[in-house]
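Colleague: Okay, handing you the structure first.
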Amino acid sequence: MTSMFDLTGRKAILTGGTRGLGHAMAEGLLEAGAEVVIWGTTGRAIEVADAFRQRGFACHGIAADLKDRDSLRTGFEKSLELLGGRIDILVNAAGIQRRHPITQFPMEDWDTVLEVNLTACFQLCQLAGREMVKQGYGKIVNIASMNSFFGGQNVPAYSASKGGVAQLTKALSNEWAQHGITVNAIAPGYMATDMNVDTRASQSFYDEVVRRIPARRWGSGEDMKGACVFLASDASAYLNGAVIPVDGGYLGS
Ligand SMILES: NC(=O)c1ccc[n+]([C@@H]2O[C@H](COP(=O)([O-])OP(=O)(O)OC[C@H]3O[C@@H](n4cnc5c(N)ncnc54)[C@H](O)[C@@H]3O)[C@@H](O)[C@H]2O)c1
């Protein structure tokens with residue numbers, strides 16, 4: 001059974017790998033045997049990759065800003081070179097959130113959130129997909145959200161972008177399943193990371209969320225590893241266009 005999840009020799013690119021959920025998923029892929037290029041906005045990606053390499057993993061770091069389409073394209077070319085011209089796995093984990101009431105929501109924030117969360121996800125899928133179609137093999141894992149299913153409060157751009165990621169996942173899957181490429185998404189629930197450190201600071205909000213989660217706790221990066229390795233491996237060969245909640249049961253409660 002374990003061989004279905006084995007990623008030995010598989011070549012992966014993962015964005016947002018410097019911290020939080022992306023960092024944990026990168027660790028999951030590395031532990032399963034993949035060679036991974038971790039992306040981050042700053043040189044921190046290089047440091048994080050160095051730390052993984054010191055633990056014996058095959059890991060590289062790339063600084064690329066997903067707000068900048070040229071930087072993204074160059075980052076992809078560099079990554080492909082580092083991986084010897086092949087990409088088997090793409091995990092689009094980078095994401096940002098901006099919180100304001102809708103009447104005061106700055107258009108610059110709208111543009112930035114849509115660019116990083118949705119447009120960069122599309123552009124990277126397109127670049128990776130071109131290689132994967134040629135190879136006749138690929139595994140794409142996008143990171144959606146509970147806000148792919150509901151609208152939330154004060155996060156219109158985030159909700160629009162994550163709704164878009166869910167629909168984009170299905171659209172890509174519909175075209176590429178026939179080429180041996182699976183495209184799926186994970187929709188994390190409430191996960192304790194730097195992204196929500198401010199909202200979690202409110203004890204009443206924190207407790208209110210816990211009350212609705214059947215598992216009775218916020219999630220963590222560790223909770224993402226299993227689903228990510230599953231979707232990156234041959235264990236998910238006939239799973240196409242799915243958006244899988246990893247949420248301690250929140251969505252169903
Ligand atoms: N934390 C949660 O509760 C939660 C819930 C649902 C979905 N998500 C999603 O999971 C993913 C990871 O979230 P997280 O909580 O770990 O967030 P985080 O803020 O801890 O990490 C975000 C990562 O994205 C990278 N990033 C941000 N802007 C970038 C840019 N312009 N260019 C390149 N990289 C950039 C950062 O460097 C960082 O590595 C995101 O897509 C987020 O929307 C998180």
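Chain lettering (A, B, ...) mirrors the order of the structure tokens, residue numbering begins at 1 for each chain separately, and ligand numbering begins at 1 in order of display.
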May I have all residues of region 97-148 of chain A that DSSP, computed from the backbone, assigns to helix (DSSP H, G or I), given as an MDAnalysis selection string?

Modeller: chainID A and resid 102:104 107:135 146:148

Colleague: Next, dump the selected residues to file, keeping only C-alpha atoms, as a PDB file, in the first residue's frame.

Modeller:
```pdb
ATOM      1  CA  ILE A 102     -16.530  46.165   1.374  1.00  0.00           C
ATOM      2  CA  THR A 103     -17.458  49.869   1.228  1.00  0.00           C
ATOM      3  CA  GLN A 104     -13.855  50.779   2.091  1.00  0.00           C
ATOM      4  CA  MET A 107      -8.919  48.564  -5.265  1.00  0.00           C
ATOM      5  CA  GLU A 108      -5.134  48.033  -4.933  1.00  0.00           C
ATOM      6  CA  ASP A 109      -5.825  45.326  -2.341  1.00  0.00           C
ATOM      7  CA  TRP A 110      -8.440  43.769  -4.604  1.00  0.00           C
ATOM      8  CA  ASP A 111      -5.917  43.656  -7.477  1.00  0.00           C
ATOM      9  CA  THR A 112      -3.100  42.250  -5.324  1.00  0.00           C
ATOM     10  CA  VAL A 113      -5.208  39.489  -3.783  1.00  0.00           C
ATOM     11  CA  LEU A 114      -6.643  38.423  -7.145  1.00  0.00           C
ATOM     12  CA  GLU A 115      -3.185  38.520  -8.752  1.00  0.00           C
ATOM     13  CA  VAL A 116      -1.445  36.394  -6.098  1.00  0.00           C
ATOM     14  CA  ASN A 117      -4.259  33.970  -5.225  1.00  0.00           C
ATOM     15  CA  LEU A 118      -5.890  33.410  -8.601  1.00  0.00           C
ATOM     16  CA  THR A 119      -3.968  34.815 -11.578  1.00  0.00           C
ATOM     17  CA  ALA A 120      -0.577  33.486 -10.439  1.00  0.00           C
ATOM     18  CA  CYS A 121      -2.205  30.123  -9.766  1.00  0.00           C
ATOM     19  CA  PHE A 122      -3.541  30.078 -13.337  1.00  0.00           C
ATOM     20  CA  GLN A 123      -0.244  31.210 -14.861  1.00  0.00           C
ATOM     21  CA  LEU A 124       1.759  28.569 -12.996  1.00  0.00           C
ATOM     22  CA  CYS A 125      -0.749  25.845 -13.852  1.00  0.00           C
ATOM     23  CA  GLN A 126      -0.485  26.889 -17.501  1.00  0.00           C
ATOM     24  CA  LEU A 127       3.335  26.832 -17.486  1.00  0.00           C
ATOM     25  CA  ALA A 128       3.488  23.499 -15.623  1.00  0.00           C
ATOM     26  CA  GLY A 129       0.597  22.070 -17.617  1.00  0.00           C
ATOM     27  CA  ARG A 130       2.404  22.637 -20.915  1.00  0.00           C
ATOM     28  CA  GLU A 131       5.253  20.413 -19.645  1.00  0.00           C
ATOM     29  CA  MET A 132       2.883  17.878 -18.112  1.00  0.00           C
ATOM     30  CA  VAL A 133       0.832  17.505 -21.301  1.00  0.00           C
ATOM     31  CA  LYS A 134       4.076  16.752 -23.198  1.00  0.00           C
ATOM     32  CA  GLN A 135       5.030  14.206 -20.529  1.00  0.00           C
ATOM     33  CA  MET A 146     -13.666  27.454   3.190  1.00  0.00           C
ATOM     34  CA  ASN A 147     -14.177  30.784   1.389  1.00  0.00           C
ATOM     35  CA  SER A 148     -14.403  28.797  -1.849  1.00  0.00           C
TER      36      SER A 148
END
```

Colleague: Would you mind listing the residues within 6 Å of ligand 1, counting only C-alpha atoms and all ligand atoms, as an MDAnalysis selection string?

Modeller: chainID A and resid 16:22 40:41 64:67 93:96 116 143:145 188:195

Colleague: Tell me which of A:Phe230, A:Ser202, A:Gln153, A:Tyr238 sits closest to Ser173 (chain A), counting only C-alpha atoms.

Modeller: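 Smallest distance to Ser173 (chain A) is found for A:Tyr238.
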
Colleague: Can you list, as a ChimeraX atom specification, every residue of region 26-216 of chain A that DSSP puts in strand (DSSP E)?

Modeller: /A:35-40,59-63,89-92,138-143,181-188

Colleague: For region 6-13 of chain A, list every protein, DNA or RNA residue within 10 Å, evaluated using only C-alpha atoms, and leave out those in the same chain fewer than 4 positions away; present the list as a PyMOL selection string.

Modeller: chain A and resi 1-2+17+26+29-39+58-62+76+79-80+82-92+124+128+138-140+229-230+232-235

Colleague: So that I have them on file, write out the residues from the current selection with C-alpha atoms, as an mmCIF file, in the first residue's frame.

Modeller:
```cif
data_model
loop_
_atom_site.group_PDB
_atom_site.id
_atom_site.type_symbol
_atom_site.label_atom_id
_atom_site.label_comp_id
_atom_site.auth_asym_id
_atom_site.auth_seq_id
_atom_site.Cartn_x
_atom_site.Cartn_y
_atom_site.Cartn_z
ATOM 1 C CA MET A 1 0.000 0.000 0.000
ATOM 2 C CA THR A 2 2.682 2.515 0.939
ATOM 3 C CA GLY A 17 6.840 27.111 1.055
ATOM 4 C CA ALA A 26 6.772 20.850 1.255
ATOM 5 C CA LEU A 29 6.459 15.895 -0.263
ATOM 6 C CA LEU A 30 10.143 15.709 0.745
ATOM 7 C CA GLU A 31 9.447 13.011 3.342
ATOM 8 C CA ALA A 32 7.617 11.019 0.659
ATOM 9 C CA GLY A 33 10.757 11.190 -1.544
ATOM 10 C CA ALA A 34 10.133 14.069 -3.962
ATOM 11 C CA GLU A 35 12.689 16.660 -5.050
ATOM 12 C CA VAL A 36 11.111 20.039 -4.353
ATOM 13 C CA VAL A 37 11.739 23.629 -5.453
ATOM 14 C CA ILE A 38 10.272 25.893 -2.800
ATOM 15 C CA TRP A 39 9.140 29.363 -3.804
ATOM 16 C CA ALA A 58 16.527 17.158 -2.146
ATOM 17 C CA CYS A 59 15.326 20.741 -1.918
ATOM 18 C CA HIS A 60 15.996 24.024 -3.736
ATOM 19 C CA GLY A 61 14.792 27.575 -3.076
ATOM 20 C CA ILE A 62 13.664 30.264 -5.498
ATOM 21 C CA PHE A 76 9.411 28.729 -13.413
ATOM 22 C CA SER A 79 12.914 25.790 -11.291
ATOM 23 C CA LEU A 80 12.598 23.573 -14.344
ATOM 24 C CA LEU A 82 17.009 22.890 -11.244
ATOM 25 C CA LEU A 83 14.712 19.877 -11.665
ATOM 26 C CA GLY A 84 16.478 18.680 -14.824
ATOM 27 C CA GLY A 85 13.752 19.758 -17.238
ATOM 28 C CA ARG A 86 10.847 17.844 -15.705
ATOM 29 C CA ILE A 87 7.965 18.736 -13.413
ATOM 30 C CA ASP A 88 5.662 16.035 -12.022
ATOM 31 C CA ILE A 89 3.995 17.942 -9.195
ATOM 32 C CA LEU A 90 2.847 21.550 -8.775
ATOM 33 C CA VAL A 91 1.437 22.757 -5.453
ATOM 34 C CA ASN A 92 0.054 26.313 -5.487
ATOM 35 C CA LEU A 124 1.759 28.569 -12.996
ATOM 36 C CA ALA A 128 3.488 23.499 -15.623
ATOM 37 C CA GLY A 138 1.270 15.464 -13.872
ATOM 38 C CA LYS A 139 -0.240 16.166 -10.470
ATOM 39 C CA ILE A 140 -1.508 19.664 -9.663
ATOM 40 C CA VAL A 229 0.916 13.685 -0.560
ATOM 41 C CA PHE A 230 -2.219 11.763 -1.561
ATOM 42 C CA ALA A 232 0.573 14.407 -5.458
ATOM 43 C CA SER A 233 0.872 10.627 -5.662
ATOM 44 C CA ASP A 234 -0.493 7.807 -7.795
ATOM 45 C CA ALA A 235 -2.921 6.965 -4.965
#
```

Colleague: So what do you get for CA of Gly221 (chain A) versus CA of Thr15 (chain A), distance-wise?

Modeller: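 If I compute the distance from CA of Gly221 (chain A) to CA of Thr15 (chain A), I get 14.5 Å.
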
Colleague: When you look at Leu231 (chain A) with a cut-off of 9 Å (counting only C-alpha atoms), what residues show up, excluding the ones that are within fewer than 4 positions of it in the same chain? I need them as a PyMOL selection string.

Modeller: chain A and resi 139-141+182-186+226-227+235-237+239

Colleague: Give me, please, the distance in Å between CA of Leu72 (chain A) and CA of Thr42 (chain A), quoted to one decimal.

Modeller: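 Taking CA of Leu72 (chain A) as the start and CA of Thr42 (chain A) as the end point, the length is 13.0 Å.
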
Colleague: Do you know which residues are at most 6 Å from Ile213 (chain A) counting only C-alpha atoms, after dropping those on the same chain fewer than 4 positions away, and could you put them as a list in words?

Modeller: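 With the cut-off at 6 Å, the set is Gly248, Gly249 and Tyr250 of chain A.
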